[in-house]
Structure formats: structure tokens, C-alpha cells
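K.L.:
Quick one, run-v1.cif (mmCIF, C-alpha atoms and all ligand atoms):
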data_coords
loop_
_atom_site.group_PDB
_atom_site.id
_atom_site.type_symbol
_atom_site.label_atom_id
_atom_site.label_comp_id
_atom_site.auth_asym_id
_atom_site.auth_seq_id
_atom_site.Cartn_x
_atom_site.Cartn_y
_atom_site.Cartn_z
ATOM 1 C CA MET D 30 -5.206 -6.548 -15.371
ATOM 2 C CA GLN D 31 -3.928 -3.353 -13.803
ATOM 3 C CA ASP D 32 -5.614 -0.195 -12.613
ATOM 4 C CA ALA D 33 -4.379 3.345 -12.058
ATOM 5 C CA ILE D 34 -3.350 2.496 -8.507
ATOM 6 C CA THR D 35 -1.506 -0.774 -9.130
ATOM 7 C CA SER D 36 0.274 0.615 -12.175
ATOM 8 C CA VAL D 37 1.640 3.582 -10.208
ATOM 9 C CA ILE D 38 2.599 1.413 -7.229
ATOM 10 C CA ASN D 39 4.182 -1.313 -9.350
ATOM 11 C CA SER D 40 6.412 1.158 -11.106
ATOM 12 C CA ALA D 41 7.507 2.721 -7.796
ATOM 13 C CA ASP D 42 8.131 -0.744 -6.355
ATOM 14 C CA VAL D 43 10.344 -1.750 -9.290
ATOM 15 C CA GLN D 44 12.573 1.177 -8.329
ATOM 16 C CA GLY D 45 12.261 0.493 -4.598
ATOM 17 C CA LYS D 46 10.971 4.016 -4.024
ATOM 18 C CA TYR D 47 8.078 5.854 -2.453
ATOM 19 C CA LEU D 48 5.690 7.484 -4.905
ATOM 20 C CA ASP D 49 7.117 10.680 -6.401
ATOM 21 C CA GLY D 50 5.212 13.857 -7.231
ATOM 22 C CA GLY D 51 4.180 12.717 -10.686
ATOM 23 C CA ALA D 52 2.848 9.432 -9.339
ATOM 24 C CA MET D 53 0.939 11.258 -6.583
ATOM 25 C CA ASP D 54 -0.595 13.574 -9.197
ATOM 26 C CA LYS D 55 -1.769 10.583 -11.200
ATOM 27 C CA LEU D 56 -3.405 9.065 -8.140
ATOM 28 C CA LYS D 57 -4.947 12.376 -7.170
ATOM 29 C CA SER D 58 -6.600 12.853 -10.533
ATOM 30 C CA TYR D 59 -7.783 9.232 -10.483
ATOM 31 C CA PHE D 60 -9.428 9.673 -7.071
ATOM 32 C CA GLU D 61 -10.865 13.055 -7.994
ATOM 33 C CA THR D 62 -12.621 11.588 -11.011
ATOM 34 C CA GLY D 63 -13.817 8.495 -9.114
ATOM 35 C CA GLU D 64 -17.401 9.567 -8.719
ATOM 36 C CA LEU D 65 -17.564 10.702 -12.321
ATOM 37 C CA ARG D 66 -16.387 7.263 -13.459
ATOM 38 C CA VAL D 67 -18.861 5.355 -11.332
ATOM 39 C CA ARG D 68 -21.751 7.553 -12.434
ATOM 40 C CA ALA D 69 -20.770 7.159 -16.086
ATOM 41 C CA ALA D 70 -20.531 3.376 -15.712
ATOM 42 C CA SER D 71 -24.049 3.162 -14.346
ATOM 43 C CA VAL D 72 -25.455 5.354 -17.125
ATOM 44 C CA ILE D 73 -23.683 3.189 -19.697
ATOM 45 C CA SER D 74 -24.834 -0.110 -18.227
ATOM 46 C CA ALA D 75 -28.424 1.093 -18.058
ATOM 47 C CA ASN D 76 -28.286 2.124 -21.733
ATOM 48 C CA ALA D 77 -25.862 -0.361 -23.272
ATOM 49 C CA ALA D 78 -28.253 -1.921 -25.773
ATOM 50 C CA SER D 79 -29.481 1.421 -27.046
ATOM 51 C CA ILE D 80 -25.943 2.841 -27.275
ATOM 52 C CA VAL D 81 -24.953 -0.046 -29.540
ATOM 53 C CA LYS D 82 -28.129 0.194 -31.576
ATOM 54 C CA GLU D 83 -27.812 3.921 -32.138
ATOM 55 C CA ALA D 84 -24.132 3.627 -33.032
ATOM 56 C CA VAL D 85 -24.958 0.966 -35.635
ATOM 57 C CA ALA D 86 -27.704 3.173 -37.071
ATOM 58 C CA LYS D 87 -25.267 6.090 -37.324
ATOM 59 C CA SER D 88 -22.380 4.199 -38.860
ATOM 60 C CA LEU D 89 -23.197 0.856 -40.491
ATOM 61 C CA LEU D 90 -26.854 0.548 -41.469
ATOM 62 C CA TYR D 91 -27.515 0.828 -45.204
ATOM 63 C CA SER D 92 -23.793 0.761 -45.970
ATOM 64 C CA ASP D 93 -21.944 -1.857 -48.026
ATOM 65 C CA VAL D 94 -21.320 -4.068 -44.993
ATOM 66 C CA THR D 95 -25.051 -4.654 -44.420
ATOM 67 C CA ARG D 96 -25.852 -5.365 -48.088
ATOM 68 C CA PRO D 97 -25.655 -8.831 -49.666
ATOM 69 C CA GLY D 98 -21.990 -9.792 -49.815
ATOM 70 C CA GLY D 99 -21.136 -7.477 -46.914
ATOM 71 C CA ASN D 100 -19.581 -8.877 -43.754
ATOM 72 C CA MET D 101 -22.633 -8.029 -41.617
ATOM 73 C CA TYR D 102 -25.084 -9.536 -44.078
ATOM 74 C CA THR D 103 -27.110 -12.483 -42.738
ATOM 75 C CA THR D 104 -28.623 -12.488 -39.290
ATOM 76 C CA ARG D 105 -25.815 -14.547 -37.809
ATOM 77 C CA ARG D 106 -23.111 -12.126 -38.879
ATOM 78 C CA TYR D 107 -25.216 -9.094 -37.987
ATOM 79 C CA ALA D 108 -25.648 -10.533 -34.494
ATOM 80 C CA ALA D 109 -21.913 -11.272 -34.225
ATOM 81 C CA CYS D 110 -21.159 -7.638 -35.050
ATOM 82 C CA ILE D 111 -23.625 -6.306 -32.467
ATOM 83 C CA ARG D 112 -22.121 -8.674 -29.906
ATOM 84 C CA ASP D 113 -18.595 -7.437 -30.725
ATOM 85 C CA LEU D 114 -19.684 -3.817 -30.259
ATOM 86 C CA ASP D 115 -21.216 -4.720 -26.938
ATOM 87 C CA TYR D 116 -17.869 -6.286 -25.907
ATOM 88 C CA TYR D 117 -16.081 -3.066 -26.858
ATOM 89 C CA LEU D 118 -18.529 -0.978 -24.871
ATOM 90 C CA ARG D 119 -18.395 -3.218 -21.794
ATOM 91 C CA TYR D 120 -14.607 -3.597 -21.743
ATOM 92 C CA SER D 121 -14.080 0.136 -22.370
ATOM 93 C CA THR D 122 -16.304 0.768 -19.368
ATOM 94 C CA TYR D 123 -14.176 -1.588 -17.242
ATOM 95 C CA ALA D 124 -10.996 0.140 -18.435
ATOM 96 C CA MET D 125 -12.497 3.572 -17.739
ATOM 97 C CA LEU D 126 -13.379 2.463 -14.194
ATOM 98 C CA ALA D 127 -9.867 1.066 -13.714
ATOM 99 C CA GLY D 128 -8.255 4.132 -15.273
ATOM 100 C CA ASP D 129 -5.968 1.787 -17.195
ATOM 101 C CA PRO D 130 -6.137 0.098 -20.624
ATOM 102 C CA SER D 131 -4.381 -3.173 -19.762
ATOM 103 C CA ILE D 132 -7.637 -5.131 -19.583
ATOM 104 C CA LEU D 133 -8.224 -4.236 -23.237
ATOM 105 C CA ASP D 134 -4.886 -5.709 -24.276
ATOM 106 C CA GLU D 135 -5.443 -8.882 -22.298
ATOM 107 C CA ARG D 136 -9.081 -9.662 -22.977
ATOM 108 C CA VAL D 137 -10.086 -7.846 -26.159
ATOM 109 C CA LEU D 138 -7.193 -7.023 -28.467
ATOM 110 C CA ASN D 139 -5.136 -10.164 -27.997
ATOM 111 C CA GLY D 140 -5.372 -11.924 -31.396
ATOM 112 C CA LEU D 141 -8.341 -9.832 -32.520
ATOM 113 C CA LYS D 142 -6.785 -8.265 -35.590
ATOM 114 C CA GLU D 143 -5.727 -11.699 -36.861
ATOM 115 C CA THR D 144 -9.242 -13.068 -36.244
ATOM 116 C CA TYR D 145 -10.833 -10.139 -38.087
ATOM 117 C CA ASN D 146 -8.440 -10.489 -40.992
ATOM 118 C CA SER D 147 -9.029 -14.191 -41.341
ATOM 119 C CA LEU D 148 -12.835 -13.731 -41.288
ATOM 120 C CA GLY D 149 -12.813 -10.701 -43.578
ATOM 121 C CA VAL D 150 -14.308 -8.443 -40.893
ATOM 122 C CA PRO D 151 -13.603 -4.923 -42.182
ATOM 123 C CA VAL D 152 -11.491 -2.997 -39.666
ATOM 124 C CA ALA D 153 -12.330 0.434 -41.117
ATOM 125 C CA SER D 154 -16.081 -0.115 -40.648
ATOM 126 C CA THR D 155 -15.487 -1.475 -37.157
ATOM 127 C CA VAL D 156 -13.500 1.631 -36.272
ATOM 128 C CA GLN D 157 -16.335 3.807 -37.641
ATOM 129 C CA ALA D 158 -18.836 1.981 -35.442
ATOM 130 C CA ILE D 159 -16.611 2.364 -32.360
ATOM 131 C CA GLN D 160 -16.226 6.075 -33.091
ATOM 132 C CA ALA D 161 -20.014 6.330 -33.360
ATOM 133 C CA MET D 162 -20.327 4.590 -29.963
ATOM 134 C CA LYS D 163 -17.908 7.154 -28.590
ATOM 135 C CA GLU D 164 -20.194 9.998 -29.708
ATOM 136 C CA VAL D 165 -23.383 8.334 -28.519
ATOM 137 C CA THR D 166 -21.827 7.503 -25.142
ATOM 138 C CA ALA D 167 -20.551 11.062 -24.649
ATOM 139 C CA SER D 168 -23.995 12.460 -25.423
ATOM 140 C CA LEU D 169 -25.412 10.332 -22.587
ATOM 141 C CA THR D 170 -22.685 10.674 -19.954
ATOM 142 C CA GLY D 171 -21.662 14.283 -20.589
ATOM 143 C CA ASP D 172 -18.380 15.608 -21.929
ATOM 144 C CA ALA D 173 -16.024 14.883 -19.032
ATOM 145 C CA ALA D 174 -16.952 11.209 -18.723
ATOM 146 C CA GLY D 175 -17.289 10.971 -22.500
ATOM 147 C CA LYS D 176 -13.672 12.071 -22.790
ATOM 148 C CA GLU D 177 -12.557 9.400 -20.315
ATOM 149 C CA MET D 178 -14.437 6.715 -22.248
ATOM 150 C CA GLY D 179 -13.068 8.105 -25.509
ATOM 151 C CA VAL D 180 -9.532 7.227 -24.430
ATOM 152 C CA TYR D 181 -10.434 3.527 -24.309
ATOM 153 C CA PHE D 182 -12.577 3.457 -27.449
ATOM 154 C CA ASP D 183 -9.627 5.046 -29.258
ATOM 155 C CA TYR D 184 -7.283 2.511 -27.667
ATOM 156 C CA ILE D 185 -9.308 -0.330 -29.221
ATOM 157 C CA CYS D 186 -9.348 1.419 -32.595
ATOM 158 C CA SER D 187 -5.580 1.825 -32.631
ATOM 159 C CA GLY D 188 -5.132 -1.758 -31.480
ATOM 160 C CA LEU D 189 -7.205 -2.919 -34.444
ATOM 161 C CA SER D 190 -5.525 -0.717 -37.032
HETATM 162 C C1 LIG C 201 -14.425 -10.296 -25.479
HETATM 163 C C2 LIG C 201 -13.393 -10.427 -26.516
HETATM 164 C C3 LIG C 201 -13.893 -10.959 -27.849
HETATM 165 C C4 LIG C 201 -13.965 -10.278 -29.028
HETATM 166 C C5 LIG C 201 -13.605 -8.852 -29.254
HETATM 167 C C6 LIG C 201 -14.439 -11.193 -30.030
HETATM 168 C C7 LIG C 201 -14.583 -10.908 -31.384
HETATM 169 C C8 LIG C 201 -14.912 -11.791 -32.445
HETATM 170 N N1 LIG C 201 -15.705 -11.426 -33.484
HETATM 171 C C9 LIG C 201 -15.871 -12.496 -34.321
HETATM 172 C C10 LIG C 201 -16.658 -12.549 -35.487
HETATM 173 C C11 LIG C 201 -17.347 -11.499 -36.147
HETATM 174 N N2 LIG C 201 -17.273 -10.162 -35.916
HETATM 175 C C12 LIG C 201 -18.075 -9.475 -36.796
HETATM 176 C C13 LIG C 201 -18.165 -8.028 -36.764
HETATM 177 C C14 LIG C 201 -18.411 -7.103 -37.772
HETATM 178 N N3 LIG C 201 -18.603 -7.309 -39.107
HETATM 179 C C15 LIG C 201 -18.830 -6.138 -39.750
HETATM 180 O O1 LIG C 201 -18.985 -6.016 -40.967
HETATM 181 C C16 LIG C 201 -18.903 -5.009 -38.818
HETATM 182 C C17 LIG C 201 -18.118 -3.812 -39.287
HETATM 183 C C18 LIG C 201 -18.386 -5.620 -37.522
HETATM 184 C C19 LIG C 201 -19.165 -5.141 -36.260
HETATM 185 C C20 LIG C 201 -18.791 -3.750 -35.879
HETATM 186 C C21 LIG C 201 -18.715 -10.425 -37.615
HETATM 187 C C22 LIG C 201 -19.727 -10.183 -38.712
HETATM 188 C C23 LIG C 201 -18.261 -11.709 -37.226
HETATM 189 C C24 LIG C 201 -18.631 -13.043 -37.814
HETATM 190 C C25 LIG C 201 -17.795 -13.287 -39.057
HETATM 191 C C26 LIG C 201 -18.021 -14.632 -39.638
HETATM 192 O O2 LIG C 201 -18.155 -15.630 -38.912
HETATM 193 O O3 LIG C 201 -18.079 -14.697 -40.868
HETATM 194 C C27 LIG C 201 -15.101 -13.594 -33.812
HETATM 195 C C28 LIG C 201 -15.002 -14.972 -34.455
HETATM 196 C C29 LIG C 201 -15.791 -16.011 -33.691
HETATM 197 C C30 LIG C 201 -17.246 -15.694 -33.635
HETATM 198 O O4 LIG C 201 -17.889 -15.506 -34.695
HETATM 199 O O5 LIG C 201 -17.763 -15.571 -32.522
HETATM 200 C C31 LIG C 201 -14.501 -13.154 -32.660
HETATM 201 C C32 LIG C 201 -13.546 -13.960 -31.792
HETATM 202 N N4 LIG C 201 -14.682 -12.389 -29.419
HETATM 203 C C33 LIG C 201 -14.358 -12.287 -28.097
HETATM 204 O O6 LIG C 201 -14.468 -13.191 -27.242
#
Would you write the structure of this file as C-alpha cells?

P.N.:
Amino acid sequence: MQDAITSVINSADVQGKYLDGGAMDKLKSYFETGELRVRAASVISANAASIVKEAVAKSLLYSDVTRPGGNMYTTRRYAACIRDLDYYLRYSTYAMLAGDPSILDERVLNGLKETYNSLGVPVASTVQAIQAMKEVTASLTGDAAGKEMGVYFDYICSGLS
């Protein structure tokens, strides 16, 4: 896993150079948004269960996936879906704190698409639910932090698609 600092330093180190202006700007904006990130992470962790619940209500409930024959039908599969959304929320929060998406590649997206395809988990509905979490999260954290989180929710959606 990388963060905004290690990724900038690693790429300078590969070239054997001090940080250039662009790298300094990246670090500056990362440090300037530090408090925003930490505050957002605590709001999200205090409200994680209700963020997931509200996102499901907005996107999946009473749709084909929750009806008999749908992939979320039966308590076991419903619970698996809720658990997956909670993973996406938690790992997006880690990535937002780190200012870097690499943790999503390593711990969430690695092999996920293949798993979903083999179990018939519908990617389009999953993406809808993640987009709903993005909206619900932004409404709780405010626009600036919501935008930061949005980067990582979108990253998961494109990794799944
Ligand atoms: C931390 C990294 C990590 C991720 C991301 C993860 C995902 C993940 N989701 C799974 C299943 C599943 N995922 C879903 C999810 C859904 N079905 C729908 O219709 C909805 C649209 C959607 C929720 C948004 C469902 C229903 C299953 C169970 C499918 C089955 O067993 O038939 C499975 C198969 C094994 C299991 O059932 O636990 C994995 C590995 N596991 C991990 O360790």
C-alpha cells in the first residue's frame, strides 16, 4: 500500500532526484486537506451502518436483485451484499485518508470482477449501490470531503466494470 507521500517520494527516488515543483504541490495539497480527511473519516466511521443502509434503500431495495431469483434474494446473499458495501465504504475511507488508491487495487479489486462474474453478482447494480453510497456520504461529510471520497468510490466502480 502507498500513500500520497510515499508515492511522490518513490517516484523521485527512482530518478535519484529531490522533489520537483509538481511533487511539492501534490504534497502541499495533501497536507492542506489533512484535517478535512481525518474529520470525514470519523464522520464516516460513526455512521457507516446507516450510510450502507440508506444507500441500499436508494438503489437496490424493491428492484429485481432483491426479488426471488435476484442475486440479493435470500438472507444469506442479502447479508453478503451489505457486507461487500461495507468493505467498499471502509476501504474507500482508508484510500481517502492515504490520498492514494493503491490499497483498493491490492485488497479489494484484486480478483473481484472474476469472483462477481462466477457468482452472478450483477456489476451494474453494484455500481449503482456504490454511487448511492457516494451521494449519502457526501451529504454527511460535506462537499469537499465528499468529492475526495468520490474519487475512490469511482475507482472501485471502474475497477469492477
Ligand atoms: C475486502 C475485500 C473483499 C471483497 C470486496 C469481497 C467480496 C465478495 N463478495 C462475495 C459474494 C457476494 N457478493 C454479493 C453482492 C451483491 N449482490 C447483489 O445483487 C448486489 C448488487 C451486491 C451488493 C451491492 C452477494 C449477493 C454475494 C454472495 C453470492 C453467492 O454466494 O451466491 C464473495 C464470494 C465469497 C462470499 O460469499 O463471501 C466475495 C469474495 N470479499 C472480500 O474479502

K.L.:
Could you expand the PyMOL selection byres (((chain D and resi 35-43) around 9) and not hetatm) into the explicit residues it covers here, written as an MDAnalysis selection string?

P.N.:
chainID D and resid 31:34 44:49 52:53 55:56 129

K.L.:
Counting all atoms listed in the file, name the residues that have an atom within 9 Å of an atom of ligand LIG 201 (chain C); the answer should be given as a PyMOL selection string.

P.N.:
chain D and resi 85+89+93-95+99-103+105-117+119-120+133+136-141+144-145+148-159

K.L.:
Save the residues we just selected, C-alpha atoms, as a PDB file, in the coordinates of the input?

P.N.:
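Written file, again.pdb:
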ATOM      1  CA  VAL D  85     -24.958   0.966 -35.635  1.00  0.00           C
ATOM      2  CA  LEU D  89     -23.197   0.856 -40.491  1.00  0.00           C
ATOM      3  CA  ASP D  93     -21.944  -1.857 -48.026  1.00  0.00           C
ATOM      4  CA  VAL D  94     -21.320  -4.068 -44.993  1.00  0.00           C
ATOM      5  CA  THR D  95     -25.051  -4.654 -44.420  1.00  0.00           C
ATOM      6  CA  GLY D  99     -21.136  -7.477 -46.914  1.00  0.00           C
ATOM      7  CA  ASN D 100     -19.581  -8.877 -43.754  1.00  0.00           C
ATOM      8  CA  MET D 101     -22.633  -8.029 -41.617  1.00  0.00           C
ATOM      9  CA  TYR D 102     -25.084  -9.536 -44.078  1.00  0.00           C
ATOM     10  CA  THR D 103     -27.110 -12.483 -42.738  1.00  0.00           C
ATOM     11  CA  ARG D 105     -25.815 -14.547 -37.809  1.00  0.00           C
ATOM     12  CA  ARG D 106     -23.111 -12.126 -38.879  1.00  0.00           C
ATOM     13  CA  TYR D 107     -25.216  -9.094 -37.987  1.00  0.00           C
ATOM     14  CA  ALA D 108     -25.648 -10.533 -34.494  1.00  0.00           C
ATOM     15  CA  ALA D 109     -21.913 -11.272 -34.225  1.00  0.00           C
ATOM     16  CA  CYS D 110     -21.159  -7.638 -35.050  1.00  0.00           C
ATOM     17  CA  ILE D 111     -23.625  -6.306 -32.467  1.00  0.00           C
ATOM     18  CA  ARG D 112     -22.121  -8.674 -29.906  1.00  0.00           C
ATOM     19  CA  ASP D 113     -18.595  -7.437 -30.725  1.00  0.00           C
ATOM     20  CA  LEU D 114     -19.684  -3.817 -30.259  1.00  0.00           C
ATOM     21  CA  ASP D 115     -21.216  -4.720 -26.938  1.00  0.00           C
ATOM     22  CA  TYR D 116     -17.869  -6.286 -25.907  1.00  0.00           C
ATOM     23  CA  TYR D 117     -16.081  -3.066 -26.858  1.00  0.00           C
ATOM     24  CA  ARG D 119     -18.395  -3.218 -21.794  1.00  0.00           C
ATOM     25  CA  TYR D 120     -14.607  -3.597 -21.743  1.00  0.00           C
ATOM     26  CA  LEU D 133      -8.224  -4.236 -23.237  1.00  0.00           C
ATOM     27  CA  ARG D 136      -9.081  -9.662 -22.977  1.00  0.00           C
ATOM     28  CA  VAL D 137     -10.086  -7.846 -26.159  1.00  0.00           C
ATOM     29  CA  LEU D 138      -7.193  -7.023 -28.467  1.00  0.00           C
ATOM     30  CA  ASN D 139      -5.136 -10.164 -27.997  1.00  0.00           C
ATOM     31  CA  GLY D 140      -5.372 -11.924 -31.396  1.00  0.00           C
ATOM     32  CA  LEU D 141      -8.341  -9.832 -32.520  1.00  0.00           C
ATOM     33  CA  THR D 144      -9.242 -13.068 -36.244  1.00  0.00           C
ATOM     34  CA  TYR D 145     -10.833 -10.139 -38.087  1.00  0.00           C
ATOM     35  CA  LEU D 148     -12.835 -13.731 -41.288  1.00  0.00           C
ATOM     36  CA  GLY D 149     -12.813 -10.701 -43.578  1.00  0.00           C
ATOM     37  CA  VAL D 150     -14.308  -8.443 -40.893  1.00  0.00           C
ATOM     38  CA  PRO D 151     -13.603  -4.923 -42.182  1.00  0.00           C
ATOM     39  CA  VAL D 152     -11.491  -2.997 -39.666  1.00  0.00           C
ATOM     40  CA  ALA D 153     -12.330   0.434 -41.117  1.00  0.00           C
ATOM     41  CA  SER D 154     -16.081  -0.115 -40.648  1.00  0.00           C
ATOM     42  CA  THR D 155     -15.487  -1.475 -37.157  1.00  0.00           C
ATOM     43  CA  VAL D 156     -13.500   1.631 -36.272  1.00  0.00           C
ATOM     44  CA  GLN D 157     -16.335   3.807 -37.641  1.00  0.00           C
ATOM     45  CA  ALA D 158     -18.836   1.981 -35.442  1.00  0.00           C
ATOM     46  CA  ILE D 159     -16.611   2.364 -32.360  1.00  0.00           C
TER      47      ILE D 159
END

K.L.:
Take the point (-4.0, -1.1, -37.6) as written in the file and pick out every residue within 10 Å of it, counting all atoms listed in the file; give the list as a VMD selection string.

P.N.:
chain D and resid 142 152 to 153 156 185 to 190

K.L.:
State, in Å with one decimal place, the distance from CA of Ala173 in chain D to CA of Ala77 in chain D.

P.N.:
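These atoms are spaced 18.6 Å apart.
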
K.L.:
Hey, what's within 12 Å of Glu177 in chain D if we count only C-alpha atoms and toss same-chain stuff fewer than 2 positions away? As JSON, numbers by chain, please?

P.N.:
{"D": [58, 59, 62, 63, 65, 66, 67, 69, 70, 121, 122, 123, 124, 125, 126, 127, 128, 129, 130, 163, 166, 167, 170, 171, 172, 173, 174, 175, 179, 180, 181, 182, 183, 184]}

K.L.:
Would you mind reading off the distance between CA of Val81 in chain D and CA of Met162 in chain D, one decimal, in Å?

P.N.:
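Taking CA of Val81 in chain D as the start and CA of Met162 in chain D as the end point, the length is 6.6 Å.
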
K.L.:
Quick one: pull the distance between CA of Leu169 in chain D and CA of Arg68 in chain D, Å, one decimal.

P.N.:
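We find that CA of Leu169 in chain D and CA of Arg68 in chain D lie 11.1 Å from each other.
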
K.L.:
Write range 78-90 of chain D as a compact mmCIF listing (two decimals), keeping the file's coordinate frame, completed to N, CA, C and O atoms.

P.N.:
# COMPACT_ATOMS: atom_id res chain seq x y z
N ALA D 78 -27.65 -1.43 -24.54
CA ALA D 78 -28.25 -1.92 -25.77
C ALA D 78 -28.60 -0.77 -26.71
O ALA D 78 -28.37 -0.85 -27.93
N SER D 79 -29.11 0.33 -26.15
CA SER D 79 -29.48 1.42 -27.05
C SER D 79 -28.26 2.20 -27.55
O SER D 79 -28.29 2.73 -28.66
N ILE D 80 -27.18 2.21 -26.78
CA ILE D 80 -25.94 2.84 -27.28
C ILE D 80 -25.45 2.09 -28.52
O ILE D 80 -25.13 2.69 -29.55
N VAL D 81 -25.43 0.76 -28.41
CA VAL D 81 -24.95 -0.05 -29.54
C VAL D 81 -25.87 0.14 -30.75
O VAL D 81 -25.42 0.37 -31.87
N LYS D 82 -27.16 0.08 -30.49
CA LYS D 82 -28.13 0.19 -31.58
C LYS D 82 -28.01 1.54 -32.31
O LYS D 82 -28.01 1.60 -33.54
N GLU D 83 -27.91 2.60 -31.53
CA GLU D 83 -27.81 3.92 -32.14
C GLU D 83 -26.49 4.09 -32.90
O GLU D 83 -26.46 4.70 -33.98
N ALA D 84 -25.42 3.53 -32.35
CA ALA D 84 -24.13 3.63 -33.03
C ALA D 84 -24.18 2.88 -34.36
O ALA D 84 -23.65 3.36 -35.37
N VAL D 85 -24.83 1.72 -34.39
CA VAL D 85 -24.96 0.97 -35.64
C VAL D 85 -25.78 1.77 -36.64
O VAL D 85 -25.42 1.88 -37.82
N ALA D 86 -26.87 2.37 -36.17
CA ALA D 86 -27.70 3.17 -37.07
C ALA D 86 -26.92 4.34 -37.66
O ALA D 86 -27.07 4.68 -38.83
N LYS D 87 -26.04 4.94 -36.86
CA LYS D 87 -25.27 6.09 -37.32
C LYS D 87 -24.15 5.71 -38.28
O LYS D 87 -23.73 6.53 -39.10
N SER D 88 -23.62 4.49 -38.14
CA SER D 88 -22.38 4.20 -38.86
C SER D 88 -22.48 3.08 -39.90
O SER D 88 -21.83 3.14 -40.92
N LEU D 89 -23.28 2.04 -39.62
CA LEU D 89 -23.20 0.86 -40.49
C LEU D 89 -24.45 0.57 -41.31
O LEU D 89 -24.35 0.04 -42.42
N LEU D 90 -25.62 0.91 -40.77
CA LEU D 90 -26.85 0.55 -41.47
C LEU D 90 -26.89 1.16 -42.86
O LEU D 90 -26.50 2.31 -43.05
